[in-house]
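Structure file protein12.txt (compact mmCIF, C-alpha atoms and all ligand atoms) follows.
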# COMPACT_ATOMS: atom_id res chain seq x y z
CA MET A 17 141.89 54.80 176.88
CA ARG A 18 144.65 55.90 179.26
CA THR A 19 143.40 58.25 181.95
CA ASP A 20 145.99 57.74 184.70
CA PHE A 21 147.75 61.07 184.27
CA SER A 22 149.53 62.53 187.29
CA PRO A 23 147.78 65.48 188.97
CA ALA A 24 150.56 67.81 187.71
CA LEU A 25 150.12 66.68 184.11
CA ALA A 26 146.32 66.71 184.36
CA ARG A 27 146.56 70.34 185.48
CA GLN A 28 148.79 71.21 182.52
CA LEU A 29 146.41 69.48 180.11
CA ARG A 30 143.63 71.62 181.51
CA GLU A 31 145.43 74.94 181.88
CA ALA A 32 148.58 75.21 179.74
CA HIS A 33 148.38 78.27 177.53
CA ALA A 34 151.46 77.62 175.39
CA VAL A 35 152.37 74.07 174.37
CA VAL A 36 155.27 72.78 172.27
CA ALA A 37 155.33 69.34 170.69
CA PHE A 38 158.91 68.49 169.77
CA SER A 39 158.95 65.42 167.52
CA GLY A 40 161.50 63.00 166.16
CA ALA A 41 161.52 59.92 163.97
CA GLY A 42 159.63 57.82 166.56
CA ILE A 43 156.33 59.62 165.96
CA SER A 44 156.33 58.36 162.36
CA VAL A 45 157.14 54.72 163.21
CA GLU A 46 153.44 53.83 163.35
CA SER A 47 153.10 55.23 159.81
CA GLY A 48 155.86 52.90 158.61
CA VAL A 49 158.88 55.25 158.54
CA PRO A 50 161.99 53.70 160.11
CA THR A 51 163.94 55.55 162.82
CA PHE A 52 167.63 56.41 162.46
CA ARG A 53 169.15 54.79 165.54
CA GLY A 54 166.79 51.95 166.56
CA ALA A 55 167.43 48.22 165.92
CA ASP A 56 166.03 48.57 162.40
CA GLY A 57 167.20 52.16 162.08
CA ILE A 58 168.55 53.74 158.90
CA TRP A 59 171.98 54.37 160.44
CA THR A 60 172.37 50.69 161.38
CA LYS A 61 172.48 49.87 157.65
CA ILE A 62 174.00 53.03 156.21
CA LYS A 63 176.66 55.29 157.62
CA PRO A 64 175.37 58.88 157.48
CA GLU A 65 178.62 60.04 155.92
CA GLU A 66 178.13 57.61 153.01
CA LEU A 67 174.78 58.96 151.78
CA ALA A 68 173.56 61.77 154.02
CA SER A 69 176.36 64.28 153.82
CA MET A 70 177.62 67.04 151.60
CA ASN A 71 180.80 65.04 150.89
CA ALA A 72 178.81 62.03 149.75
CA PHE A 73 176.60 64.21 147.56
CA MET A 74 179.54 65.96 145.90
CA LYS A 75 181.26 62.61 145.32
CA ASN A 76 178.24 60.88 143.79
CA PRO A 77 175.19 63.17 143.32
CA ALA A 78 173.30 60.57 141.26
CA LEU A 79 173.56 57.92 144.00
CA VAL A 80 172.59 60.26 146.85
CA TRP A 81 169.71 61.62 144.75
CA GLU A 82 168.46 58.12 144.06
CA TRP A 83 168.51 57.26 147.76
CA TYR A 84 166.44 60.31 148.66
CA ALA A 85 164.09 59.71 145.71
CA HIS A 86 163.52 56.20 147.07
CA ARG A 87 162.78 57.50 150.59
CA ARG A 88 160.50 60.17 149.13
CA THR A 89 158.48 57.49 147.32
CA ILE A 90 158.05 55.54 150.56
CA ILE A 91 157.07 58.65 152.52
CA GLU A 92 154.55 59.74 149.88
CA SER A 93 152.89 56.33 149.98
CA ILE A 94 152.17 56.37 153.72
CA GLU A 95 149.75 58.32 155.90
CA PRO A 96 149.96 60.34 159.13
CA ASN A 97 149.05 58.23 162.16
CA GLU A 98 146.99 58.66 165.32
CA GLY A 99 149.87 60.56 166.99
CA HIS A 100 150.08 63.20 164.24
CA ARG A 101 146.30 63.52 164.30
CA ALA A 102 146.23 63.90 168.09
CA LEU A 103 148.55 66.92 167.80
CA VAL A 104 146.11 68.50 165.32
CA ARG A 105 143.33 68.06 167.89
CA MET A 106 145.49 69.64 170.59
CA GLU A 107 146.24 72.64 168.36
CA ARG A 108 142.51 73.31 168.09
CA VAL A 109 142.03 73.67 171.85
CA VAL A 110 145.30 75.25 173.05
CA PRO A 111 145.77 79.02 172.54
CA HIS A 112 149.43 78.73 171.45
CA PHE A 113 150.37 75.35 170.07
CA THR A 114 153.66 74.86 168.20
CA ILE A 115 155.13 71.80 166.56
CA VAL A 116 158.90 71.71 166.36
CA THR A 117 159.94 68.72 164.30
CA GLN A 118 163.23 67.14 163.35
CA ASN A 119 161.38 65.04 160.80
CA ILE A 120 161.62 65.65 157.08
CA ASP A 121 158.60 63.50 156.22
CA ASN A 122 155.94 66.24 156.04
CA LEU A 123 153.46 64.09 158.00
CA HIS A 124 152.55 66.84 160.50
CA ARG A 125 151.52 69.13 157.66
CA ARG A 126 149.64 66.37 155.87
CA ALA A 127 147.80 65.57 159.12
CA GLY A 128 146.61 69.20 159.25
CA SER A 129 148.81 70.89 161.86
CA LYS A 130 149.24 74.59 161.15
CA VAL A 131 152.16 75.95 163.18
CA ILE A 132 155.17 73.77 162.35
CA HIS A 133 158.88 74.55 162.53
CA GLU A 134 160.94 72.07 160.53
CA LEU A 135 164.48 72.04 161.93
CA HIS A 136 166.04 69.53 159.53
CA GLY A 137 164.27 70.46 156.30
CA ASN A 138 161.65 68.69 154.24
CA ILE A 139 162.13 65.87 151.75
CA GLU A 140 159.47 67.31 149.44
CA ARG A 141 161.60 70.36 148.72
CA ASN A 142 164.82 70.64 146.71
CA TYR A 143 166.98 73.57 145.75
CA CYS A 144 169.76 74.43 143.34
CA MET A 145 173.06 74.90 145.14
CA LYS A 146 174.16 77.44 142.52
CA CYS A 147 171.20 79.74 141.80
CA GLY A 148 168.91 78.83 144.71
CA ARG A 149 165.93 77.95 142.53
CA THR A 150 163.54 75.68 144.44
CA TYR A 151 161.95 72.54 143.07
CA ARG A 152 159.14 70.36 144.44
CA SER A 153 159.16 66.55 144.64
CA ASP A 154 158.30 66.20 140.97
CA PHE A 155 161.79 67.42 139.96
CA THR A 156 163.43 64.79 137.75
CA VAL A 157 167.06 63.96 137.04
CA ASN A 158 168.54 64.33 133.55
CA LYS A 159 169.44 61.54 131.10
CA GLU A 160 172.64 60.82 133.00
CA LYS A 161 170.56 60.51 136.22
CA MET A 162 172.15 63.70 137.54
CA PRO A 163 170.04 66.20 139.53
CA VAL A 164 170.80 69.26 137.42
CA CYS A 165 169.07 72.64 137.57
CA THR A 166 167.18 73.40 134.37
CA GLU A 167 167.85 77.10 134.94
CA CYS A 168 171.63 77.24 135.48
CA GLY A 169 173.08 73.71 135.28
CA GLY A 170 174.00 73.70 139.02
CA LEU A 171 173.41 70.69 141.25
CA VAL A 172 169.97 70.33 142.85
CA ARG A 173 169.97 68.85 146.36
CA PRO A 174 167.25 67.87 148.80
CA ASP A 175 166.34 70.65 151.25
CA ILE A 176 167.53 68.58 154.21
CA VAL A 177 170.03 69.50 156.92
CA TRP A 178 172.99 67.14 156.81
CA PHE A 179 175.51 66.76 159.65
CA GLY A 180 177.80 69.75 159.98
CA GLU A 181 175.26 72.04 158.30
CA MET A 182 173.51 74.92 159.99
CA LEU A 183 169.82 74.65 160.83
CA PRO A 184 167.50 77.12 159.05
CA GLU A 185 167.94 80.24 161.16
CA GLU A 186 164.35 81.48 161.33
CA GLU A 187 162.96 78.04 162.17
CA TRP A 188 165.59 77.56 164.86
CA GLU A 189 165.02 80.95 166.46
CA ALA A 190 161.25 80.52 166.42
CA SER A 191 161.68 77.07 168.02
CA VAL A 192 163.86 78.42 170.81
CA ARG A 193 161.35 81.20 171.46
CA ALA A 194 158.40 78.80 171.55
CA SER A 195 160.32 76.48 173.91
CA GLU A 196 161.17 79.38 176.24
CA GLU A 197 157.53 80.47 176.29
CA ALA A 198 156.03 77.00 176.72
CA ASP A 199 154.09 75.99 179.83
CA LEU A 200 154.02 72.39 178.66
CA PHE A 201 156.65 70.76 176.43
CA PHE A 202 156.27 67.28 174.90
CA SER A 203 159.40 65.53 173.61
CA ILE A 204 158.04 62.79 171.36
CA GLY A 205 159.88 59.88 169.73
CA THR A 206 163.36 61.36 169.66
CA SER A 207 166.61 59.94 171.01
CA ALA A 208 167.56 63.56 171.85
CA VAL A 209 171.15 63.17 170.73
CA VAL A 210 171.38 65.41 167.67
CA TYR A 211 172.29 68.99 168.50
CA PRO A 212 171.31 71.75 168.53
CA ALA A 213 167.73 70.40 168.27
CA ALA A 214 168.25 68.13 171.30
CA SER A 215 168.86 71.14 173.54
CA LEU A 216 165.24 72.35 173.21
CA PRO A 217 163.75 70.24 176.05
CA TRP A 218 166.39 71.62 178.43
CA ILE A 219 165.84 75.17 177.16
CA ALA A 220 162.13 74.73 177.87
CA LYS A 221 162.75 73.23 181.30
CA ARG A 222 165.16 75.97 182.34
CA ALA A 223 162.54 78.54 181.33
CA GLY A 224 159.94 76.83 183.54
CA ALA A 225 158.04 74.43 181.26
CA TYR A 226 156.67 71.11 182.47
CA VAL A 227 158.59 68.63 180.28
CA VAL A 228 156.94 65.35 179.32
CA GLU A 229 158.81 62.72 177.35
CA ILE A 230 156.96 60.13 175.27
CA ASN A 231 159.08 57.21 174.07
CA PRO A 232 159.11 53.41 174.39
CA GLU A 233 162.78 53.64 175.49
CA ALA A 234 164.55 55.84 178.02
CA THR A 235 166.84 58.48 176.50
CA SER A 236 169.39 60.98 177.73
CA LEU A 237 166.44 63.29 178.48
CA THR A 238 164.49 60.85 180.67
CA LYS A 239 166.20 61.64 183.98
CA ASP A 240 165.64 65.38 183.52
CA ALA A 241 162.06 65.21 182.22
CA ASP A 242 159.28 66.00 184.69
CA GLU A 243 157.41 62.98 183.45
CA PHE A 244 158.20 59.98 181.24
CA LEU A 245 155.25 58.37 179.48
CA GLN A 246 156.69 55.10 178.26
CA GLY A 247 155.23 53.59 175.09
CA SER A 248 154.38 54.25 171.45
CA SER A 249 153.45 57.83 170.78
CA GLY A 250 150.21 57.17 168.81
CA PRO A 251 147.99 55.87 171.63
CA ILE A 252 149.62 58.07 174.30
CA LEU A 253 149.13 61.28 172.30
CA ALA A 254 145.57 60.24 171.47
CA ALA A 255 144.82 59.82 175.19
CA LEU A 256 146.42 63.18 176.00
CA ALA A 257 144.40 64.89 173.25
CA ASP A 258 141.19 63.21 174.49
CA GLU A 259 141.84 64.55 177.97
CA MET A 260 142.68 68.05 176.71
CA GLU A 261 139.50 68.15 174.64
CA ARG A 262 137.42 66.84 177.51
CA CYS A 263 138.63 69.31 180.11
CA ARG A 264 138.77 72.33 177.80
CA ARG A 265 135.32 71.88 176.34
CA GLU A 266 133.36 75.13 176.55
CA PRO A 267 131.62 75.03 179.96
CA SER A 268 128.73 76.84 178.33
CA THR A 269 128.09 73.82 176.07
CA ASP A 270 127.73 71.54 179.09
CA ASP A 271 125.66 74.10 180.88
CA ARG A 272 123.34 74.48 177.92
CA GLN A 273 122.96 70.68 177.67
CA ARG A 274 122.28 70.42 181.37
CA ARG A 275 119.70 73.16 181.17
CA GLY A 276 118.16 71.41 178.17
C1 LIG B 301 159.41 55.72 169.23
C2 LIG B 301 158.64 54.71 168.65
C3 LIG B 301 157.23 54.87 168.72
C4 LIG B 301 160.71 54.18 168.38
N1 LIG B 301 156.71 55.96 169.33
N2 LIG B 301 158.86 56.77 169.83
C5 LIG B 301 179.77 66.22 169.09
C6 LIG B 301 179.05 66.65 170.19
C7 LIG B 301 177.90 67.42 170.04
C8 LIG B 301 177.46 67.79 168.78
C9 LIG B 301 178.18 67.38 167.69
C10 LIG B 301 179.33 66.62 167.84
N3 LIG B 301 179.82 66.33 166.60
C11 LIG B 301 179.00 66.92 165.69
C12 LIG B 301 178.02 67.55 166.33
C13 LIG B 301 176.92 68.31 165.73
C14 LIG B 301 175.90 67.38 165.13
C15 LIG B 301 175.41 66.41 166.19
O1 LIG B 301 174.56 66.72 167.00
N4 LIG B 301 175.91 65.20 166.21
C16 LIG B 301 175.59 64.23 167.26
C17 LIG B 301 174.97 62.99 166.65
C18 LIG B 301 176.82 63.93 168.04
N5 LIG B 301 174.83 68.25 164.66
C19 LIG B 301 174.88 68.82 163.46
O2 LIG B 301 175.77 68.60 162.67
C20 LIG B 301 173.76 69.78 163.14
N6 LIG B 301 174.29 71.00 162.70
C21 LIG B 301 175.06 71.77 163.46
O3 LIG B 301 175.35 71.45 164.61
O4 LIG B 301 175.46 72.92 162.87
C22 LIG B 301 176.49 73.66 163.51
C23 LIG B 301 177.81 73.12 163.02
C24 LIG B 301 178.29 73.60 161.83
C25 LIG B 301 179.52 73.11 161.40
C26 LIG B 301 180.21 72.14 162.12
C27 LIG B 301 179.67 71.63 163.29
C28 LIG B 301 178.46 72.14 163.76
C29 LIG B 301 172.89 69.25 162.01
C30 LIG B 301 172.16 68.01 162.37
C31 LIG B 301 171.40 67.49 161.15
C32 LIG B 301 170.74 66.16 161.44
N7 LIG B 301 170.33 65.55 160.24
C33 LIG B 301 169.68 64.25 160.29
C34 LIG B 301 169.68 63.54 158.93
C35 LIG B 301 168.89 64.17 157.84
C36 LIG B 301 169.22 63.47 156.56
C37 LIG B 301 168.38 62.25 156.29
O5 LIG B 301 167.26 62.08 156.81
O6 LIG B 301 168.84 61.46 155.48
O7 LIG B 301 168.36 64.40 160.83
S1 LIG B 301 170.45 63.11 161.38
C38 LIG B 301 168.97 62.31 161.89
O8 LIG B 301 168.94 62.44 163.34
C39 LIG B 301 167.82 63.13 161.31
C40 LIG B 301 166.96 63.32 162.55
O9 LIG B 301 166.13 64.45 162.42
C41 LIG B 301 167.95 63.42 163.67
C42 LIG B 301 167.36 63.11 165.02
O10 LIG B 301 167.01 61.78 165.12
P1 LIG B 301 165.71 61.34 165.93
O11 LIG B 301 164.51 61.92 165.30
O12 LIG B 301 165.90 61.59 167.35
O13 LIG B 301 165.66 59.77 165.58
P2 LIG B 301 166.35 58.55 166.34
O14 LIG B 301 166.32 57.39 165.43
O15 LIG B 301 167.66 58.91 166.90
O16 LIG B 301 165.38 58.27 167.59
C43 LIG B 301 164.08 57.77 167.40
C44 LIG B 301 163.42 57.59 168.76
O17 LIG B 301 162.10 57.12 168.55
C45 LIG B 301 164.11 56.56 169.66
O18 LIG B 301 164.37 57.15 170.93
C46 LIG B 301 163.09 55.44 169.79
O19 LIG B 301 163.10 54.81 171.07
C47 LIG B 301 161.80 56.17 169.54
N8 LIG B 301 160.66 55.34 169.04
N9 LIG B 301 159.42 53.75 168.13
C48 LIG B 301 157.51 56.85 169.85
N10 LIG B 301 156.35 53.92 168.18
ZN ZN B 302 170.22 76.72 139.37

Output the file's structure as structure tokens, nothing else.
Ligand code: BJW
Ligand code: ZN
Amino acid sequence: MRTDFSPALARQLREAHAVVAFSGAGISVESGVPTFRGADGIWTKIKPEELASMNAFMKNPALVWEWYAHRRTIIESIEPNEGHRALVRMERVVPHFTIVTQNIDNLHRRAGSKVIHELHGNIERNYCMKCGRTYRSDFTVNKEKMPVCTECGGLVRPDIVWFGEMLPEEEWEASVRASEEADLFFSIGTSAVVYPAASLPWIAKRAGAYVVEINPEATSLTKDADEFLQGSSGPILAALADEMERCRREPSTDDRQRRG
């Protein structure tokens, strides 16, 4: 177990009142979800504009639907990992703990985290572009393999934010607020290149948070982070959660044990 935290981080783990965990694709790597920009990343094989864009969807809805259906099947067959679970443990001991995620894989929710802002949508949700009706993952395409709304005949799309699309306003505003109010801000497994999400660590830092980056590789954030914990997020987050739990344990419990 890693225990070599700097004195400044150790103090935050003990005392921070408001904590934000900002996650990207890297946190789900240990569950088996590929990243977007790594060596084996999704965008190394597929250009986003070919499958993950409004243009692509309008050109060939059946193909884009099939691609997302395939990714949904993979995501549904995997499990949250030690990193997701560590954030659940942190939420239990920190007064204000917020997850802001760019991920669409629903793994934070499945792990049991409660306060989650999803900036880029969620692959388990779909909606009709014409009437707005929402559908869960069990929505099926018609005989022609087209994702068509059973209510109005409009096209049903995944509830995911493609490039050039606005982020969900409430989620974004709540994320900015949480970042501005954070004492401690973790940036976990994100290349920090996709805006506006990528601005959150800097928003937090400007407002006075202690910014800790967790990533096996340096990113554009690294030089501005207060601390860079280099490595896979699972074991690092587990060690951070262990330390938080240890130093925030009710003193009365220890006292009682000591008194017998
Ligand atoms: C590990 C690990 C382990 C590996 N443990 N870590 C020019 C300049 C500035 C901005 C723009 C610009 N041109 C266009 C824009 C705006 C654009 C943008 O930011 N583009 C940049 C790429 C240049 N942004 C937008 O379009 C956004 N909307 C917007 O701005 O609206 C306003 C607007 C309206 C109209 C016109 C213009 C603007 C929307 C962004 C939506 C992003 N959507 C996606 C795809 C969803 C669809 C799908 O999934 O199919 O969301 S893109 C993709 O990137 C996905 C992710 O959420 C997002 C972020 O990626 P993430 O999570 O950081 O993943 P990676 O792969 O990049 O990094 C993984 C990291 O993990 C790496 O660092 C690894 O080292 C690490 N790692 N193993 C921990 N074990
Ligand atoms: Zn409809």

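Neighbouring residues of ligand ZN 302 (chain B) at a cut-off of 9 Å, counting all atoms listed in the file, are Tyr143, Cys144, Met145, Lys146, Cys147, Gly148, Arg149, Thr150, Val164, Cys165, Thr166, Glu167, Cys168, Gly169, Gly170, Leu171 and Val172 of chain A.
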
With C-alpha atoms kept, could you save the residues just selected as a CSV table (one decimal), keeping the file's coordinate frame?
chain,number,residue,atom,x,y,z
A,143,TYR,CA,167.0,73.6,145.8
A,144,CYS,CA,169.8,74.4,143.3
A,145,MET,CA,173.1,74.9,145.1
A,146,LYS,CA,174.2,77.4,142.5
A,147,CYS,CA,171.2,79.7,141.8
A,148,GLY,CA,168.9,78.8,144.7
A,149,ARG,CA,165.9,78.0,142.5
A,150,THR,CA,163.5,75.7,144.4
A,164,VAL,CA,170.8,69.3,137.4
A,165,CYS,CA,169.1,72.6,137.6
A,166,THR,CA,167.2,73.4,134.4
A,167,GLU,CA,167.8,77.1,134.9
A,168,CYS,CA,171.6,77.2,135.5
A,169,GLY,CA,173.1,73.7,135.3
A,170,GLY,CA,174.0,73.7,139.0
A,171,LEU,CA,173.4,70.7,141.2
A,172,VAL,CA,170.0,70.3,142.8

Using all atoms listed in the file, determine which residues fall within 7 Å of ligand LIG 301 (chain B), then list them as a VMD selection string.
chain A and resid 39 to 43 45 to 46 51 to 54 57 68 118 to 120 136 176 to 183 204 to 212 230 to 233 235 247 to 250

Would you mind listing what lies within 9 Å of A:Leu237 as a list in words, with only C-alpha atoms counted and same-chain residues fewer than 4 positions away left out?
Ser203, Ser207, Ala208, Ala214, Pro217, Trp218, Glu229 and Ala241 of chain A

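In this comparison, which uses all atoms listed in the file, the residue of A:Thr117, A:Gly224, A:Ala257, A:Ile139 approaching A:Trp188 most closely is A:Thr117.
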
Computed gap from atom CA of A:Ala72 to atom CA of A:Asp154 is 22.7 Å

Find, counting all atoms listed in the file, the residue in A:Tyr226, A:Ser153, A:Gly99, A:Arg108 that gets nearest to A:Tyr84.
A:Ser153

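You will find atom CA of A:Val228 at 4.9 Å from atom CA of A:Phe202.
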
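Atom CA of A:Pro174 to atom CA of A:His100 spans 23.6 Å [interatomic distance, one decimal].
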
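For the set A:Ala85, A:Ala34, A:Ile115, A:Val109, the residue with the smallest atom-to-atom gap to A:Asn142 is A:Ala85, counting all atoms listed in the file.
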
Could you build a table of the residues in stretch 69-100 of chain A lying no more than 9 Å from stretch 123-131 of chain A, giving for each the nearest pair of atoms and their separation in Å rounded to one decimal place, using all atoms listed in the file, ordered by chain and ascending residue number, as CSV?
residue,atom,partner,partner_atom,distance
A:Ile91,CA,A:Leu123,CA,8.5
A:Ile94,CA,A:Leu123,CA,8.9
A:Glu95,CA,A:Leu123,CA,7.2
A:Pro96,CA,A:Leu123,CA,5.3
A:Asn97,CA,A:Ala127,CA,8.0
A:His100,CA,A:His124,CA,5.8

Can you tell me, as lines of an AutoDock Vina configuration file, the centre and edge lengths (Å, one decimal) of the axis-aligned box enclosing all of stretch 80-97 of chain A's listed atoms after padding each side by 5 Å?
center_x = 160.8
center_y = 58.6
center_z = 153.1
size_x = 33.5
size_y = 16.1
size_z = 28.1

Top pick for closest residue to A:Glu197, considering A:Leu135, A:Ile62, A:Ala223, A:Leu79 and counting all atoms listed in the file
A:Ala223

Which residues, written as a ChimeraX atom specification, have at least one atom at most 6 Å from A:Glu187, with all atoms listed in the file counted and residues fewer than 3 positions away on the same chain left out?
/A:133,184,190

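If you measure from each of A:Ala220, A:Val104, A:Met162, A:Val49 to A:Ala78 using all atoms listed in the file, the closest one turns out to be A:Met162.
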
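Residue nearest A:Glu196, chosen from A:Ala255, A:Ala24, A:Ala32, A:Leu216 and counting only C-alpha atoms: A:Leu216.
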
Would you pick out the contacts of A:Arg265 at 12 Å or less, using only C-alpha atoms, so that residues sharing its chain but fewer than 5 positions from it are not included, and give the list as a ChimeraX atom specification?
/A:29-31,106,108-110,257-260,270-271

Student task, stretch 71-90 of chain A output with N, CA, C and O atoms as an mmCIF file, in the first residue's frame:
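out32.cif, freshly written:
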data_model
loop_
_atom_site.group_PDB
_atom_site.id
_atom_site.type_symbol
_atom_site.label_atom_id
_atom_site.label_comp_id
_atom_site.auth_asym_id
_atom_site.auth_seq_id
_atom_site.Cartn_x
_atom_site.Cartn_y
_atom_site.Cartn_z
ATOM 1 N N ASN A 71 -23.116 14.697 -37.941
ATOM 2 C CA ASN A 71 -23.077 14.489 -39.392
ATOM 3 C C ASN A 71 -23.098 13.007 -39.729
ATOM 4 O O ASN A 71 -23.843 12.566 -40.606
ATOM 5 N N ALA A 72 -22.231 12.264 -39.029
ATOM 6 C CA ALA A 72 -22.152 10.823 -39.288
ATOM 7 C C ALA A 72 -23.504 10.170 -38.998
ATOM 8 O O ALA A 72 -23.978 9.323 -39.768
ATOM 9 N N PHE A 73 -24.126 10.576 -37.909
ATOM 10 C CA PHE A 73 -25.410 9.968 -37.530
ATOM 11 C C PHE A 73 -26.484 10.271 -38.574
ATOM 12 O O PHE A 73 -27.249 9.391 -38.966
ATOM 13 N N MET A 74 -26.530 11.504 -39.045
ATOM 14 C CA MET A 74 -27.552 11.865 -40.028
ATOM 15 C C MET A 74 -27.299 11.142 -41.353
ATOM 16 O O MET A 74 -28.226 10.795 -42.070
ATOM 17 N N LYS A 75 -26.014 10.923 -41.658
ATOM 18 C CA LYS A 75 -25.676 10.261 -42.923
ATOM 19 C C LYS A 75 -26.035 8.775 -42.881
ATOM 20 O O LYS A 75 -26.574 8.218 -43.828
ATOM 21 N N ASN A 76 -25.728 8.138 -41.739
ATOM 22 C CA ASN A 76 -25.963 6.692 -41.646
ATOM 23 C C ASN A 76 -26.355 6.316 -40.204
ATOM 24 O O ASN A 76 -25.555 5.770 -39.446
ATOM 25 N N PRO A 77 -27.632 6.588 -39.844
ATOM 26 C CA PRO A 77 -28.055 6.335 -38.451
ATOM 27 C C PRO A 77 -27.886 4.872 -38.051
ATOM 28 O O PRO A 77 -27.490 4.589 -36.914
ATOM 29 N N ALA A 78 -28.142 3.953 -39.001
ATOM 30 C CA ALA A 78 -28.078 2.522 -38.651
ATOM 31 C C ALA A 78 -26.654 2.137 -38.250
ATOM 32 O O ALA A 78 -26.446 1.433 -37.258
ATOM 33 N N LEU A 79 -25.661 2.636 -38.996
ATOM 34 C CA LEU A 79 -24.266 2.297 -38.723
ATOM 35 C C LEU A 79 -23.814 2.877 -37.376
ATOM 36 O O LEU A 79 -23.209 2.184 -36.556
ATOM 37 N N VAL A 80 -24.122 4.152 -37.162
ATOM 38 C CA VAL A 80 -23.715 4.795 -35.904
ATOM 39 C C VAL A 80 -24.402 4.108 -34.733
ATOM 40 O O VAL A 80 -23.787 3.810 -33.708
ATOM 41 N N TRP A 81 -25.688 3.773 -34.906
ATOM 42 C CA TRP A 81 -26.424 3.082 -33.841
ATOM 43 C C TRP A 81 -25.759 1.759 -33.504
ATOM 44 O O TRP A 81 -25.568 1.414 -32.338
ATOM 45 N N GLU A 82 -25.375 1.028 -34.558
ATOM 46 C CA GLU A 82 -24.780 -0.291 -34.355
ATOM 47 C C GLU A 82 -23.461 -0.170 -33.580
ATOM 48 O O GLU A 82 -23.167 -0.974 -32.693
ATOM 49 N N TRP A 83 -22.702 0.874 -33.899
ATOM 50 C CA TRP A 83 -21.418 1.068 -33.209
ATOM 51 C C TRP A 83 -21.633 1.330 -31.716
ATOM 52 O O TRP A 83 -20.964 0.756 -30.866
ATOM 53 N N TYR A 84 -22.608 2.159 -31.411
ATOM 54 C CA TYR A 84 -22.889 2.442 -29.991
ATOM 55 C C TYR A 84 -23.502 1.226 -29.295
ATOM 56 O O TYR A 84 -23.216 0.971 -28.122
ATOM 57 N N ALA A 85 -24.321 0.467 -30.040
ATOM 58 C CA ALA A 85 -24.923 -0.740 -29.445
ATOM 59 C C ALA A 85 -23.806 -1.717 -29.080
ATOM 60 O O ALA A 85 -23.821 -2.341 -28.010
ATOM 61 N N HIS A 86 -22.797 -1.798 -29.946
ATOM 62 C CA HIS A 86 -21.664 -2.691 -29.701
ATOM 63 C C HIS A 86 -20.896 -2.231 -28.448
ATOM 64 O O HIS A 86 -20.582 -3.040 -27.561
ATOM 65 N N ARG A 87 -20.619 -0.940 -28.357
ATOM 66 C CA ARG A 87 -19.908 -0.418 -27.181
ATOM 67 C C ARG A 87 -20.725 -0.602 -25.904
ATOM 68 O O ARG A 87 -20.188 -0.882 -24.837
ATOM 69 N N ARG A 88 -22.058 -0.443 -26.044
ATOM 70 C CA ARG A 88 -22.933 -0.618 -24.877
ATOM 71 C C ARG A 88 -22.842 -2.053 -24.362
ATOM 72 O O ARG A 88 -22.757 -2.297 -23.156
ATOM 73 N N THR A 89 -22.819 -3.008 -25.302
ATOM 74 C CA THR A 89 -22.732 -4.418 -24.904
ATOM 75 C C THR A 89 -21.438 -4.669 -24.134
ATOM 76 O O THR A 89 -21.430 -5.350 -23.103
ATOM 77 N N ILE A 90 -20.341 -4.101 -24.636
ATOM 78 C CA ILE A 90 -19.050 -4.291 -23.943
ATOM 79 C C ILE A 90 -19.130 -3.691 -22.538
ATOM 80 O O ILE A 90 -18.781 -4.336 -21.542
#
